Each structure stands twice: as C-alpha cells, then as structure tokens.
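J.: I'm passing along query.cif; it holds mmCIF, N, CA and C atoms.
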```
data_start
#
loop_
_atom_site.group_PDB
_atom_site.id
_atom_site.type_symbol
_atom_site.label_atom_id
_atom_site.label_comp_id
_atom_site.auth_asym_id
_atom_site.auth_seq_id
_atom_site.Cartn_x
_atom_site.Cartn_y
_atom_site.Cartn_z
ATOM 1 N N MET A 1 -0.420 -4.274 22.752
ATOM 2 C CA MET A 1 -0.668 -2.853 22.714
ATOM 3 C C MET A 1 -1.318 -2.451 24.039
ATOM 4 N N ASP A 2 -0.842 -1.366 24.584
ATOM 5 C CA ASP A 2 -1.380 -0.853 25.837
ATOM 6 C C ASP A 2 -2.579 0.038 25.516
ATOM 7 N N ASN A 3 -3.790 -0.446 25.792
ATOM 8 C CA ASN A 3 -5.022 0.263 25.443
ATOM 9 C C ASN A 3 -5.613 1.065 26.594
ATOM 10 N N ARG A 4 -4.816 1.349 27.615
ATOM 11 C CA ARG A 4 -5.334 2.107 28.742
ATOM 12 C C ARG A 4 -5.382 3.596 28.434
ATOM 13 N N CYS A 5 -6.342 4.289 29.016
ATOM 14 C CA CYS A 5 -6.459 5.736 28.889
ATOM 15 C C CYS A 5 -5.301 6.371 29.660
ATOM 16 N N PRO A 6 -4.525 7.265 29.044
ATOM 17 C CA PRO A 6 -3.420 7.887 29.774
ATOM 18 C C PRO A 6 -3.888 8.884 30.831
ATOM 19 N N VAL A 7 -5.161 9.269 30.797
ATOM 20 C CA VAL A 7 -5.688 10.236 31.765
ATOM 21 C C VAL A 7 -6.196 9.531 33.024
ATOM 22 N N CYS A 8 -7.093 8.534 32.830
ATOM 23 C CA CYS A 8 -7.693 7.886 33.997
ATOM 24 C C CYS A 8 -7.205 6.452 34.223
ATOM 25 N N GLY A 9 -6.550 5.837 33.247
ATOM 26 C CA GLY A 9 -6.008 4.496 33.406
ATOM 27 C C GLY A 9 -6.971 3.365 33.112
ATOM 28 N N LYS A 10 -8.214 3.653 32.705
ATOM 29 C CA LYS A 10 -9.185 2.596 32.386
ATOM 30 C C LYS A 10 -8.812 1.936 31.060
ATOM 31 N N ASP A 11 -9.130 0.651 30.928
ATOM 32 C CA ASP A 11 -8.832 -0.098 29.710
ATOM 33 C C ASP A 11 -9.845 0.252 28.624
ATOM 34 N N LEU A 12 -9.345 0.648 27.463
ATOM 35 C CA LEU A 12 -10.200 0.990 26.329
ATOM 36 C C LEU A 12 -10.070 -0.038 25.207
ATOM 37 N N GLY A 13 -9.613 -1.237 25.521
ATOM 38 C CA GLY A 13 -9.375 -2.268 24.522
ATOM 39 C C GLY A 13 -10.617 -2.716 23.777
ATOM 40 N N ARG A 14 -11.755 -2.665 24.405
ATOM 41 C CA ARG A 14 -12.992 -3.105 23.763
ATOM 42 C C ARG A 14 -13.788 -1.949 23.184
ATOM 43 N N ARG A 15 -13.172 -0.804 23.076
ATOM 44 C CA ARG A 15 -13.827 0.402 22.560
ATOM 45 C C ARG A 15 -14.209 0.219 21.095
ATOM 46 N N LYS A 16 -15.384 0.685 20.731
ATOM 47 C CA LYS A 16 -15.854 0.557 19.354
ATOM 48 C C LYS A 16 -15.244 1.630 18.472
ATOM 49 N N LEU A 17 -14.912 1.257 17.260
ATOM 50 C CA LEU A 17 -14.329 2.194 16.304
ATOM 51 C C LEU A 17 -15.319 3.282 15.918
ATOM 52 N N ALA A 18 -16.609 3.013 16.069
ATOM 53 C CA ALA A 18 -17.626 3.997 15.687
ATOM 54 C C ALA A 18 -17.593 5.236 16.573
ATOM 55 N N HIS A 19 -16.957 5.162 17.725
ATOM 56 C CA HIS A 19 -16.904 6.297 18.630
ATOM 57 C C HIS A 19 -15.796 7.289 18.293
ATOM 58 N N SER A 20 -15.011 7.021 17.286
ATOM 59 C CA SER A 20 -13.884 7.894 16.974
ATOM 60 C C SER A 20 -14.136 8.663 15.686
ATOM 61 N N VAL A 21 -13.443 9.764 15.567
ATOM 62 C CA VAL A 21 -13.469 10.545 14.334
ATOM 63 C C VAL A 21 -12.240 10.112 13.554
ATOM 64 N N ILE A 22 -12.444 9.306 12.517
ATOM 65 C CA ILE A 22 -11.342 8.667 11.829
ATOM 66 C C ILE A 22 -10.428 9.674 11.136
ATOM 67 N N ALA A 23 -10.976 10.750 10.611
ATOM 68 C CA ALA A 23 -10.149 11.700 9.862
ATOM 69 C C ALA A 23 -9.039 12.290 10.727
ATOM 70 N N ARG A 24 -9.327 12.548 11.996
ATOM 71 C CA ARG A 24 -8.324 13.133 12.877
ATOM 72 C C ARG A 24 -7.762 12.115 13.861
ATOM 73 N N MET A 25 -8.341 10.942 13.922
ATOM 74 C CA MET A 25 -7.938 9.897 14.855
ATOM 75 C C MET A 25 -8.092 10.365 16.299
ATOM 76 N N ASP A 26 -9.116 11.177 16.563
ATOM 77 C CA ASP A 26 -9.384 11.664 17.908
ATOM 78 C C ASP A 26 -10.526 10.881 18.522
ATOM 79 N N VAL A 27 -10.390 10.555 19.797
ATOM 80 C CA VAL A 27 -11.426 9.850 20.541
ATOM 81 C C VAL A 27 -11.576 10.520 21.899
ATOM 82 N N ASP A 28 -12.658 10.240 22.559
ATOM 83 C CA ASP A 28 -12.882 10.691 23.926
ATOM 84 C C ASP A 28 -13.017 9.462 24.801
ATOM 85 N N CYS A 29 -12.391 9.498 25.953
ATOM 86 C CA CYS A 29 -12.492 8.385 26.895
ATOM 87 C C CYS A 29 -13.924 8.320 27.418
ATOM 88 N N PRO A 30 -14.589 7.154 27.350
ATOM 89 C CA PRO A 30 -15.964 7.058 27.842
ATOM 90 C C PRO A 30 -16.057 7.135 29.367
ATOM 91 N N HIS A 31 -14.952 6.940 30.062
ATOM 92 C CA HIS A 31 -14.970 6.953 31.526
ATOM 93 C C HIS A 31 -14.735 8.351 32.097
ATOM 94 N N CYS A 32 -13.680 9.029 31.616
ATOM 95 C CA CYS A 32 -13.335 10.330 32.185
ATOM 96 C C CYS A 32 -13.628 11.494 31.239
ATOM 97 N N GLY A 33 -13.926 11.191 29.974
ATOM 98 C CA GLY A 33 -14.220 12.244 29.002
ATOM 99 C C GLY A 33 -12.992 12.965 28.483
ATOM 100 N N GLY A 34 -11.813 12.474 28.820
ATOM 101 C CA GLY A 34 -10.569 13.096 28.376
ATOM 102 C C GLY A 34 -10.361 12.931 26.881
ATOM 103 N N GLY A 35 -9.798 13.959 26.252
ATOM 104 C CA GLY A 35 -9.519 13.898 24.824
ATOM 105 C C GLY A 35 -8.261 13.090 24.547
ATOM 106 N N LEU A 36 -8.378 12.116 23.659
ATOM 107 C CA LEU A 36 -7.265 11.233 23.335
ATOM 108 C C LEU A 36 -7.024 11.241 21.837
ATOM 109 N N THR A 37 -5.799 10.977 21.459
ATOM 110 C CA THR A 37 -5.427 10.815 20.057
ATOM 111 C C THR A 37 -4.845 9.420 19.890
ATOM 112 N N VAL A 38 -5.207 8.739 18.814
ATOM 113 C CA VAL A 38 -4.675 7.408 18.548
ATOM 114 C C VAL A 38 -3.203 7.546 18.182
ATOM 115 N N ASN A 39 -2.358 6.780 18.877
ATOM 116 C CA ASN A 39 -0.911 6.834 18.710
ATOM 117 C C ASN A 39 -0.485 5.694 17.783
ATOM 118 N N VAL A 40 -0.303 5.984 16.514
ATOM 119 C CA VAL A 40 0.046 4.961 15.525
ATOM 120 C C VAL A 40 1.567 4.853 15.439
ATOM 121 N N HIS A 41 2.074 3.637 15.606
ATOM 122 C CA HIS A 41 3.514 3.390 15.527
ATOM 123 C C HIS A 41 3.957 3.461 14.059
ATOM 124 N N PRO A 42 5.140 4.007 13.779
ATOM 125 C CA PRO A 42 5.606 4.084 12.390
ATOM 126 C C PRO A 42 5.696 2.718 11.703
ATOM 127 N N ALA A 43 6.034 1.676 12.434
ATOM 128 C CA ALA A 43 6.097 0.336 11.837
ATOM 129 C C ALA A 43 4.711 -0.139 11.416
ATOM 130 N N GLU A 44 3.685 0.205 12.188
ATOM 131 C CA GLU A 44 2.303 -0.124 11.808
ATOM 132 C C GLU A 44 1.952 0.528 10.481
ATOM 133 N N ARG A 45 2.294 1.786 10.365
ATOM 134 C CA ARG A 45 1.987 2.539 9.150
ATOM 135 C C ARG A 45 2.680 1.907 7.940
ATOM 136 N N VAL A 46 3.947 1.515 8.100
ATOM 137 C CA VAL A 46 4.690 0.909 6.993
ATOM 138 C C VAL A 46 4.069 -0.417 6.575
ATOM 139 N N VAL A 47 3.726 -1.254 7.549
ATOM 140 C CA VAL A 47 3.149 -2.568 7.229
ATOM 141 C C VAL A 47 1.802 -2.414 6.526
ATOM 142 N N VAL A 48 0.959 -1.521 7.011
ATOM 143 C CA VAL A 48 -0.360 -1.338 6.395
ATOM 144 C C VAL A 48 -0.233 -0.764 4.991
ATOM 145 N N LEU A 49 0.599 0.250 4.828
ATOM 146 C CA LEU A 49 0.748 0.843 3.491
ATOM 147 C C LEU A 49 1.389 -0.126 2.503
ATOM 148 N N ALA A 50 2.392 -0.870 2.939
ATOM 149 C CA ALA A 50 3.029 -1.847 2.048
ATOM 150 C C ALA A 50 2.067 -2.968 1.680
ATOM 151 N N GLY A 51 1.307 -3.455 2.658
ATOM 152 C CA GLY A 51 0.358 -4.538 2.384
ATOM 153 C C GLY A 51 -0.765 -4.103 1.470
ATOM 154 N N ALA A 52 -1.337 -2.934 1.756
ATOM 155 C CA ALA A 52 -2.435 -2.443 0.915
ATOM 156 C C ALA A 52 -1.931 -2.084 -0.479
ATOM 157 N N GLY A 53 -0.763 -1.477 -0.541
ATOM 158 C CA GLY A 53 -0.207 -1.108 -1.849
ATOM 159 C C GLY A 53 0.107 -2.317 -2.710
ATOM 160 N N SER A 54 0.707 -3.338 -2.113
ATOM 161 C CA SER A 54 1.038 -4.533 -2.899
ATOM 162 C C SER A 54 -0.228 -5.283 -3.309
ATOM 163 N N ALA A 55 -1.208 -5.372 -2.424
ATOM 164 C CA ALA A 55 -2.456 -6.049 -2.782
ATOM 165 C C ALA A 55 -3.180 -5.301 -3.896
ATOM 166 N N LEU A 56 -3.210 -3.980 -3.808
ATOM 167 C CA LEU A 56 -3.858 -3.189 -4.850
ATOM 168 C C LEU A 56 -3.125 -3.303 -6.182
ATOM 169 N N ALA A 57 -1.797 -3.248 -6.147
ATOM 170 C CA ALA A 57 -1.017 -3.364 -7.385
ATOM 171 C C ALA A 57 -1.230 -4.727 -8.040
ATOM 172 N N LEU A 58 -1.208 -5.776 -7.228
ATOM 173 C CA LEU A 58 -1.432 -7.110 -7.788
ATOM 174 C C LEU A 58 -2.856 -7.279 -8.309
ATOM 175 N N ALA A 59 -3.823 -6.691 -7.623
ATOM 176 C CA ALA A 59 -5.212 -6.787 -8.090
ATOM 177 C C ALA A 59 -5.393 -6.048 -9.412
ATOM 178 N N LEU A 60 -4.802 -4.873 -9.543
ATOM 179 C CA LEU A 60 -4.890 -4.140 -10.807
ATOM 180 C C LEU A 60 -4.178 -4.875 -11.932
ATOM 181 N N LEU A 61 -3.040 -5.459 -11.616
ATOM 182 C CA LEU A 61 -2.302 -6.221 -12.626
ATOM 183 C C LEU A 61 -3.077 -7.468 -13.036
ATOM 184 N N SER A 62 -3.727 -8.114 -12.070
ATOM 185 C CA SER A 62 -4.510 -9.305 -12.421
ATOM 186 C C SER A 62 -5.706 -8.942 -13.287
ATOM 187 N N TYR A 63 -6.288 -7.768 -13.047
ATOM 188 C CA TYR A 63 -7.407 -7.316 -13.885
ATOM 189 C C TYR A 63 -6.920 -7.011 -15.300
ATOM 190 N N ALA A 64 -5.771 -6.360 -15.402
ATOM 191 C CA ALA A 64 -5.241 -5.999 -16.715
ATOM 192 C C ALA A 64 -4.849 -7.237 -17.517
ATOM 193 N N LEU A 65 -4.280 -8.227 -16.842
ATOM 194 C CA LEU A 65 -3.825 -9.427 -17.543
ATOM 195 C C LEU A 65 -4.838 -10.570 -17.500
ATOM 196 N N GLN A 66 -5.968 -10.351 -16.818
ATOM 197 C CA GLN A 66 -7.003 -11.381 -16.671
ATOM 198 C C GLN A 66 -6.407 -12.682 -16.127
ATOM 199 N N SER A 67 -5.680 -12.550 -15.015
ATOM 200 C CA SER A 67 -4.992 -13.692 -14.426
ATOM 201 C C SER A 67 -5.566 -14.002 -13.049
ATOM 202 N N GLN A 68 -6.059 -15.222 -12.878
ATOM 203 C CA GLN A 68 -6.564 -15.635 -11.575
ATOM 204 C C GLN A 68 -5.431 -15.849 -10.584
ATOM 205 N N ALA A 69 -4.272 -16.264 -11.071
ATOM 206 C CA ALA A 69 -3.134 -16.479 -10.185
ATOM 207 C C ALA A 69 -2.694 -15.158 -9.531
ATOM 208 N N LEU A 70 -2.689 -14.084 -10.299
ATOM 209 C CA LEU A 70 -2.328 -12.792 -9.725
ATOM 210 C C LEU A 70 -3.391 -12.299 -8.745
ATOM 211 N N LEU A 71 -4.646 -12.623 -9.018
ATOM 212 C CA LEU A 71 -5.714 -12.252 -8.088
ATOM 213 C C LEU A 71 -5.562 -13.007 -6.766
ATOM 214 N N LEU A 72 -5.186 -14.281 -6.832
ATOM 215 C CA LEU A 72 -4.925 -15.042 -5.611
ATOM 216 C C LEU A 72 -3.690 -14.507 -4.885
ATOM 217 N N ALA A 73 -2.702 -14.056 -5.644
ATOM 218 C CA ALA A 73 -1.518 -13.446 -5.028
ATOM 219 C C ALA A 73 -1.893 -12.146 -4.318
ATOM 220 N N ALA A 74 -2.795 -11.372 -4.899
ATOM 221 C CA ALA A 74 -3.258 -10.138 -4.261
ATOM 222 C C ALA A 74 -3.988 -10.457 -2.962
ATOM 223 N N LEU A 75 -4.823 -11.473 -2.983
ATOM 224 C CA LEU A 75 -5.515 -11.906 -1.772
ATOM 225 C C LEU A 75 -4.519 -12.373 -0.721
ATOM 226 N N GLY A 76 -3.510 -13.115 -1.155
ATOM 227 C CA GLY A 76 -2.464 -13.573 -0.236
ATOM 228 C C GLY A 76 -1.668 -12.420 0.350
ATOM 229 N N ALA A 77 -1.401 -11.400 -0.457
ATOM 230 C CA ALA A 77 -0.668 -10.229 0.046
ATOM 231 C C ALA A 77 -1.483 -9.498 1.103
ATOM 232 N N GLY A 78 -2.770 -9.384 0.881
ATOM 233 C CA GLY A 78 -3.629 -8.749 1.880
ATOM 234 C C GLY A 78 -3.695 -9.545 3.168
ATOM 235 N N MET A 79 -3.785 -10.859 3.047
ATOM 236 C CA MET A 79 -3.823 -11.711 4.230
ATOM 237 C C MET A 79 -2.486 -11.694 4.966
ATOM 238 N N ALA A 80 -1.384 -11.652 4.219
ATOM 239 C CA ALA A 80 -0.064 -11.585 4.841
ATOM 240 C C ALA A 80 0.119 -10.272 5.598
ATOM 241 N N ALA A 81 -0.399 -9.183 5.033
ATOM 242 C CA ALA A 81 -0.310 -7.891 5.730
ATOM 243 C C ALA A 81 -1.127 -7.912 7.013
ATOM 244 N N ALA A 82 -2.302 -8.532 6.970
ATOM 245 C CA ALA A 82 -3.128 -8.632 8.179
ATOM 246 C C ALA A 82 -2.429 -9.478 9.243
ATOM 247 N N ALA A 83 -1.809 -10.567 8.825
ATOM 248 C CA ALA A 83 -1.074 -11.404 9.776
ATOM 249 C C ALA A 83 0.146 -10.669 10.323
ATOM 250 N N ALA A 84 0.817 -9.895 9.473
ATOM 251 C CA ALA A 84 1.998 -9.151 9.914
ATOM 252 C C ALA A 84 1.634 -8.073 10.923
ATOM 253 N N ILE A 85 0.530 -7.379 10.706
ATOM 254 C CA ILE A 85 0.133 -6.340 11.653
ATOM 255 C C ILE A 85 -0.287 -6.962 12.980
ATOM 256 N N SER A 86 -0.923 -8.118 12.932
ATOM 257 C CA SER A 86 -1.303 -8.807 14.159
ATOM 258 C C SER A 86 -0.062 -9.287 14.913
ATOM 259 N N ALA A 87 0.906 -9.850 14.204
ATOM 260 C CA ALA A 87 2.143 -10.307 14.840
ATOM 261 C C ALA A 87 2.934 -9.129 15.399
ATOM 262 N N LEU A 88 2.980 -8.037 14.660
ATOM 263 C CA LEU A 88 3.674 -6.841 15.130
ATOM 264 C C LEU A 88 3.036 -6.325 16.414
ATOM 265 N N ASP A 89 1.725 -6.356 16.471
ATOM 266 C CA ASP A 89 1.001 -5.897 17.649
ATOM 267 C C ASP A 89 1.304 -6.768 18.861
ATOM 268 N N ARG A 90 1.361 -8.077 18.670
ATOM 269 C CA ARG A 90 1.555 -8.995 19.787
ATOM 270 C C ARG A 90 3.005 -9.118 20.229
ATOM 271 N N ILE A 91 3.951 -8.935 19.306
ATOM 272 C CA ILE A 91 5.358 -9.166 19.640
ATOM 273 C C ILE A 91 6.098 -7.866 19.952
ATOM 274 N N ARG A 92 6.091 -6.945 19.026
ATOM 275 C CA ARG A 92 6.932 -5.755 19.173
ATOM 276 C C ARG A 92 6.230 -4.602 19.899
ATOM 277 N N LEU A 93 4.952 -4.421 19.678
ATOM 278 C CA LEU A 93 4.239 -3.268 20.219
ATOM 279 C C LEU A 93 3.476 -3.600 21.501
ATOM 280 N N ARG A 94 3.975 -4.556 22.252
ATOM 281 C CA ARG A 94 3.266 -4.998 23.441
ATOM 282 C C ARG A 94 3.071 -3.878 24.461
ATOM 283 N N HIS A 95 4.042 -2.995 24.594
ATOM 284 C CA HIS A 95 3.964 -1.931 25.595
ATOM 285 C C HIS A 95 3.782 -0.551 24.967
ATOM 286 N N TRP A 96 3.508 -0.486 23.675
ATOM 287 C CA TRP A 96 3.300 0.794 22.988
ATOM 288 C C TRP A 96 1.942 1.360 23.399
ATOM 289 N N PRO A 97 1.891 2.620 23.858
ATOM 290 C CA PRO A 97 0.593 3.194 24.245
ATOM 291 C C PRO A 97 -0.263 3.506 23.019
ATOM 292 N N ARG A 98 -1.470 2.926 22.958
ATOM 293 C CA ARG A 98 -2.360 3.143 21.814
ATOM 294 C C ARG A 98 -2.908 4.565 21.811
ATOM 295 N N TYR A 99 -3.136 5.151 22.983
ATOM 296 C CA TYR A 99 -3.709 6.494 23.068
ATOM 297 C C TYR A 99 -2.764 7.423 23.824
ATOM 298 N N VAL A 100 -2.713 8.665 23.385
ATOM 299 C CA VAL A 100 -1.985 9.725 24.085
ATOM 300 C C VAL A 100 -2.952 10.883 24.306
ATOM 301 N N PRO A 101 -2.712 11.712 25.326
ATOM 302 C CA PRO A 101 -3.605 12.860 25.530
ATOM 303 C C PRO A 101 -3.595 13.781 24.304
ATOM 304 N N ARG A 102 -4.765 14.297 23.970
ATOM 305 C CA ARG A 102 -4.918 15.162 22.796
ATOM 306 C C ARG A 102 -4.219 16.489 23.033
ATOM 307 N N GLN A 103 -3.409 16.896 22.068
ATOM 308 C CA GLN A 103 -2.733 18.181 22.109
ATOM 309 C C GLN A 103 -3.504 19.136 21.198
ATOM 310 N N LEU A 104 -3.868 20.296 21.712
ATOM 311 C CA LEU A 104 -4.556 21.279 20.889
ATOM 312 C C LEU A 104 -3.567 21.951 19.952
ATOM 313 N N ARG A 105 -3.961 22.074 18.708
ATOM 314 C CA ARG A 105 -3.112 22.741 17.719
ATOM 315 C C ARG A 105 -3.185 24.242 17.923
ATOM 316 N N PRO A 106 -2.160 24.979 17.523
ATOM 317 C CA PRO A 106 -2.192 26.433 17.678
ATOM 318 C C PRO A 106 -3.406 27.031 16.964
ATOM 319 N N GLY A 107 -4.090 27.923 17.651
ATOM 320 C CA GLY A 107 -5.266 28.563 17.087
ATOM 321 C C GLY A 107 -6.561 27.829 17.358
ATOM 322 N N MET A 108 -6.498 26.671 18.020
ATOM 323 C CA MET A 108 -7.703 25.882 18.284
ATOM 324 C C MET A 108 -8.083 25.922 19.759
ATOM 325 N N GLU A 109 -7.583 26.890 20.512
ATOM 326 C CA GLU A 109 -7.893 26.976 21.934
ATOM 327 C C GLU A 109 -9.324 27.289 22.170
#
```
If you took the structure in this file and wrote it as structure tokens, what would it be?
T.:
Amino acid sequence: MDNRCPVCGKDLGRRKLAHSVIARMDVDCPHCGGGLTVNVHPAERVVVLAGAGSALALALLSYALQSQALLLAALGAGMAAAAAISALDRIRLRHWPRYVPRQLRPGME
C-alpha cells in the first residue's frame, strides 16, 4: 500500500489511528496539514465484511448450539480474514494509494 501523502509526498505509514476521525475516515497530514481521506479499495471492504460476517455468524451459531467446534471455526474465520487482508495488501494493493486529497462536499465550503 502506498502510504505517502498525495499533497506533500511524505510517508504516513507509521501514522497512528488515533489521529483520524473514523466516522468520516478523514485525516490531516502531520507534515503539511493537508486534508486527506482514507482510500479504501473495494476488495478490502469485501474481505473485511465477509470475514467479520462469517465469524459473527459462526459465533452466534456456536452460542445457540453450545458447540466449541463452531466457536473454534469462528475464531479460524476471523484469523483467515486477517491473513487475507494482509495478503491482499502485500500482493494486490502494493501500489494502491491509501490517502487521497479531501474533497469538500457541496454546502461544506
């Protein structure tokens, strides 16, 4: 993943998540102060939603059926999703820009 600021070009790879507003996925570059938006790839979204959904479904089913095997399957599904997102990041999204300049929505000037 390309973690450079599109405004000033500084690397933001070690940036802390606490500096962002998660609800809007907006961040400010600590070097130039430029407004940035986190650029989430559609494949990332699919992998995270599928992994979290399957882990949650298996966990609820294991609770309903009181099955330890299903609980371990839910844990495995969560771990598989984490591994898949990491592999996707390293293999396919190597040159995907993590941040794009913030676009103001109409009426927010």
J.: CA of Cys5 in chain A and atom C of Gln103 in chain A, how far apart in Å?
T.: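 Taking atom C of Gln103 in chain A and CA of Cys5 in chain A, their separation equals 15.7 Å.
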J.: Give me, please, the distance in Å between CA of Pro97 in chain A and CA of Asn39 in chain A, quoted to one decimal.
T.: 6.8 Å
J.: Could you please write out, as number ranges by chain, every residue of chain A that DSSP assigns to alpha helix (DSSP H)?
T.: A: 42-65, 68-91
J.: Would you mind exporting the chosen residues as a compact mmCIF listing (two decimals), in the frame of the given file, restricted to N, CA and C atoms?
T.:
```
# COMPACT_ATOMS: atom_id res chain seq x y z
N PRO A 42 5.14 4.01 13.78
CA PRO A 42 5.61 4.08 12.39
C PRO A 42 5.70 2.72 11.70
N ALA A 43 6.03 1.68 12.43
CA ALA A 43 6.10 0.34 11.84
C ALA A 43 4.71 -0.14 11.42
N GLU A 44 3.68 0.20 12.19
CA GLU A 44 2.30 -0.12 11.81
C GLU A 44 1.95 0.53 10.48
N ARG A 45 2.29 1.79 10.36
CA ARG A 45 1.99 2.54 9.15
C ARG A 45 2.68 1.91 7.94
N VAL A 46 3.95 1.52 8.10
CA VAL A 46 4.69 0.91 6.99
C VAL A 46 4.07 -0.42 6.58
N VAL A 47 3.73 -1.25 7.55
CA VAL A 47 3.15 -2.57 7.23
C VAL A 47 1.80 -2.41 6.53
N VAL A 48 0.96 -1.52 7.01
CA VAL A 48 -0.36 -1.34 6.40
C VAL A 48 -0.23 -0.76 4.99
N LEU A 49 0.60 0.25 4.83
CA LEU A 49 0.75 0.84 3.49
C LEU A 49 1.39 -0.13 2.50
N ALA A 50 2.39 -0.87 2.94
CA ALA A 50 3.03 -1.85 2.05
C ALA A 50 2.07 -2.97 1.68
N GLY A 51 1.31 -3.46 2.66
CA GLY A 51 0.36 -4.54 2.38
C GLY A 51 -0.76 -4.10 1.47
N ALA A 52 -1.34 -2.93 1.76
CA ALA A 52 -2.44 -2.44 0.92
C ALA A 52 -1.93 -2.08 -0.48
N GLY A 53 -0.76 -1.48 -0.54
CA GLY A 53 -0.21 -1.11 -1.85
C GLY A 53 0.11 -2.32 -2.71
N SER A 54 0.71 -3.34 -2.11
CA SER A 54 1.04 -4.53 -2.90
C SER A 54 -0.23 -5.28 -3.31
N ALA A 55 -1.21 -5.37 -2.42
CA ALA A 55 -2.46 -6.05 -2.78
C ALA A 55 -3.18 -5.30 -3.90
N LEU A 56 -3.21 -3.98 -3.81
CA LEU A 56 -3.86 -3.19 -4.85
C LEU A 56 -3.12 -3.30 -6.18
N ALA A 57 -1.80 -3.25 -6.15
CA ALA A 57 -1.02 -3.36 -7.38
C ALA A 57 -1.23 -4.73 -8.04
N LEU A 58 -1.21 -5.78 -7.23
CA LEU A 58 -1.43 -7.11 -7.79
C LEU A 58 -2.86 -7.28 -8.31
N ALA A 59 -3.82 -6.69 -7.62
CA ALA A 59 -5.21 -6.79 -8.09
C ALA A 59 -5.39 -6.05 -9.41
N LEU A 60 -4.80 -4.87 -9.54
CA LEU A 60 -4.89 -4.14 -10.81
C LEU A 60 -4.18 -4.88 -11.93
N LEU A 61 -3.04 -5.46 -11.62
CA LEU A 61 -2.30 -6.22 -12.63
C LEU A 61 -3.08 -7.47 -13.04
N SER A 62 -3.73 -8.11 -12.07
CA SER A 62 -4.51 -9.30 -12.42
C SER A 62 -5.71 -8.94 -13.29
N TYR A 63 -6.29 -7.77 -13.05
CA TYR A 63 -7.41 -7.32 -13.88
C TYR A 63 -6.92 -7.01 -15.30
N ALA A 64 -5.77 -6.36 -15.40
CA ALA A 64 -5.24 -6.00 -16.72
C ALA A 64 -4.85 -7.24 -17.52
N LEU A 65 -4.28 -8.23 -16.84
CA LEU A 65 -3.82 -9.43 -17.54
C LEU A 65 -4.84 -10.57 -17.50
N GLN A 68 -6.06 -15.22 -12.88
CA GLN A 68 -6.56 -15.64 -11.58
C GLN A 68 -5.43 -15.85 -10.58
N ALA A 69 -4.27 -16.26 -11.07
CA ALA A 69 -3.13 -16.48 -10.18
C ALA A 69 -2.69 -15.16 -9.53
N LEU A 70 -2.69 -14.08 -10.30
CA LEU A 70 -2.33 -12.79 -9.72
C LEU A 70 -3.39 -12.30 -8.74
N LEU A 71 -4.65 -12.62 -9.02
CA LEU A 71 -5.71 -12.25 -8.09
C LEU A 71 -5.56 -13.01 -6.77
N LEU A 72 -5.19 -14.28 -6.83
CA LEU A 72 -4.92 -15.04 -5.61
C LEU A 72 -3.69 -14.51 -4.88
N ALA A 73 -2.70 -14.06 -5.64
CA ALA A 73 -1.52 -13.45 -5.03
C ALA A 73 -1.89 -12.15 -4.32
N ALA A 74 -2.80 -11.37 -4.90
CA ALA A 74 -3.26 -10.14 -4.26
C ALA A 74 -3.99 -10.46 -2.96
N LEU A 75 -4.82 -11.47 -2.98
CA LEU A 75 -5.52 -11.91 -1.77
C LEU A 75 -4.52 -12.37 -0.72
N GLY A 76 -3.51 -13.12 -1.16
CA GLY A 76 -2.46 -13.57 -0.24
C GLY A 76 -1.67 -12.42 0.35
N ALA A 77 -1.40 -11.40 -0.46
CA ALA A 77 -0.67 -10.23 0.05
C ALA A 77 -1.48 -9.50 1.10
N GLY A 78 -2.77 -9.38 0.88
CA GLY A 78 -3.63 -8.75 1.88
C GLY A 78 -3.70 -9.54 3.17
N MET A 79 -3.78 -10.86 3.05
CA MET A 79 -3.82 -11.71 4.23
C MET A 79 -2.49 -11.69 4.97
N ALA A 80 -1.38 -11.65 4.22
CA ALA A 80 -0.06 -11.58 4.84
C ALA A 80 0.12 -10.27 5.60
N ALA A 81 -0.40 -9.18 5.03
CA ALA A 81 -0.31 -7.89 5.73
C ALA A 81 -1.13 -7.91 7.01
N ALA A 82 -2.30 -8.53 6.97
CA ALA A 82 -3.13 -8.63 8.18
C ALA A 82 -2.43 -9.48 9.24
N ALA A 83 -1.81 -10.57 8.82
CA ALA A 83 -1.07 -11.40 9.78
C ALA A 83 0.15 -10.67 10.32
N ALA A 84 0.82 -9.90 9.47
CA ALA A 84 2.00 -9.15 9.91
C ALA A 84 1.63 -8.07 10.92
N ILE A 85 0.53 -7.38 10.71
CA ILE A 85 0.13 -6.34 11.65
C ILE A 85 -0.29 -6.96 12.98
N SER A 86 -0.92 -8.12 12.93
CA SER A 86 -1.30 -8.81 14.16
C SER A 86 -0.06 -9.29 14.91
N ALA A 87 0.91 -9.85 14.20
CA ALA A 87 2.14 -10.31 14.84
C ALA A 87 2.93 -9.13 15.40
N LEU A 88 2.98 -8.04 14.66
CA LEU A 88 3.67 -6.84 15.13
C LEU A 88 3.04 -6.32 16.41
N ASP A 89 1.72 -6.36 16.47
CA ASP A 89 1.00 -5.90 17.65
C ASP A 89 1.30 -6.77 18.86
N ARG A 90 1.36 -8.08 18.67
CA ARG A 90 1.56 -8.99 19.79
C ARG A 90 3.00 -9.12 20.23
N ILE A 91 3.95 -8.94 19.31
CA ILE A 91 5.36 -9.17 19.64
C ILE A 91 6.10 -7.87 19.95
```
J.: Range 80-93 of chain A: which residues within 6 Å, counting only N, CA and C atoms, same-chain residues fewer than 4 positions away excluded, as a PDB file with N, CA and C atoms, keeping the file's coordinate frame?
T.:
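Full text of around_29.pdb as output:
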```pdb
ATOM      1  N   MET A   1      -0.420  -4.274  22.752  1.00  0.00           N
ATOM      2  CA  MET A   1      -0.668  -2.853  22.714  1.00  0.00           C
ATOM      3  C   MET A   1      -1.318  -2.451  24.039  1.00  0.00           C
ATOM      4  N   ASP A   2      -0.842  -1.366  24.584  1.00  0.00           N
ATOM      5  CA  ASP A   2      -1.380  -0.853  25.837  1.00  0.00           C
ATOM      6  C   ASP A   2      -2.579   0.038  25.516  1.00  0.00           C
ATOM      7  N   VAL A  47       3.726  -1.254   7.549  1.00  0.00           N
ATOM      8  CA  VAL A  47       3.149  -2.568   7.229  1.00  0.00           C
ATOM      9  C   VAL A  47       1.802  -2.414   6.526  1.00  0.00           C
ATOM     10  N   GLY A  51       1.307  -3.455   2.658  1.00  0.00           N
ATOM     11  CA  GLY A  51       0.358  -4.538   2.384  1.00  0.00           C
ATOM     12  C   GLY A  51      -0.765  -4.103   1.470  1.00  0.00           C
ATOM     13  N   LEU A  75      -4.823 -11.473  -2.983  1.00  0.00           N
ATOM     14  CA  LEU A  75      -5.515 -11.906  -1.772  1.00  0.00           C
ATOM     15  C   LEU A  75      -4.519 -12.373  -0.721  1.00  0.00           C
ATOM     16  N   GLY A  76      -3.510 -13.115  -1.155  1.00  0.00           N
ATOM     17  CA  GLY A  76      -2.464 -13.573  -0.236  1.00  0.00           C
ATOM     18  C   GLY A  76      -1.668 -12.420   0.350  1.00  0.00           C
TER      19      GLY A  76
END
```
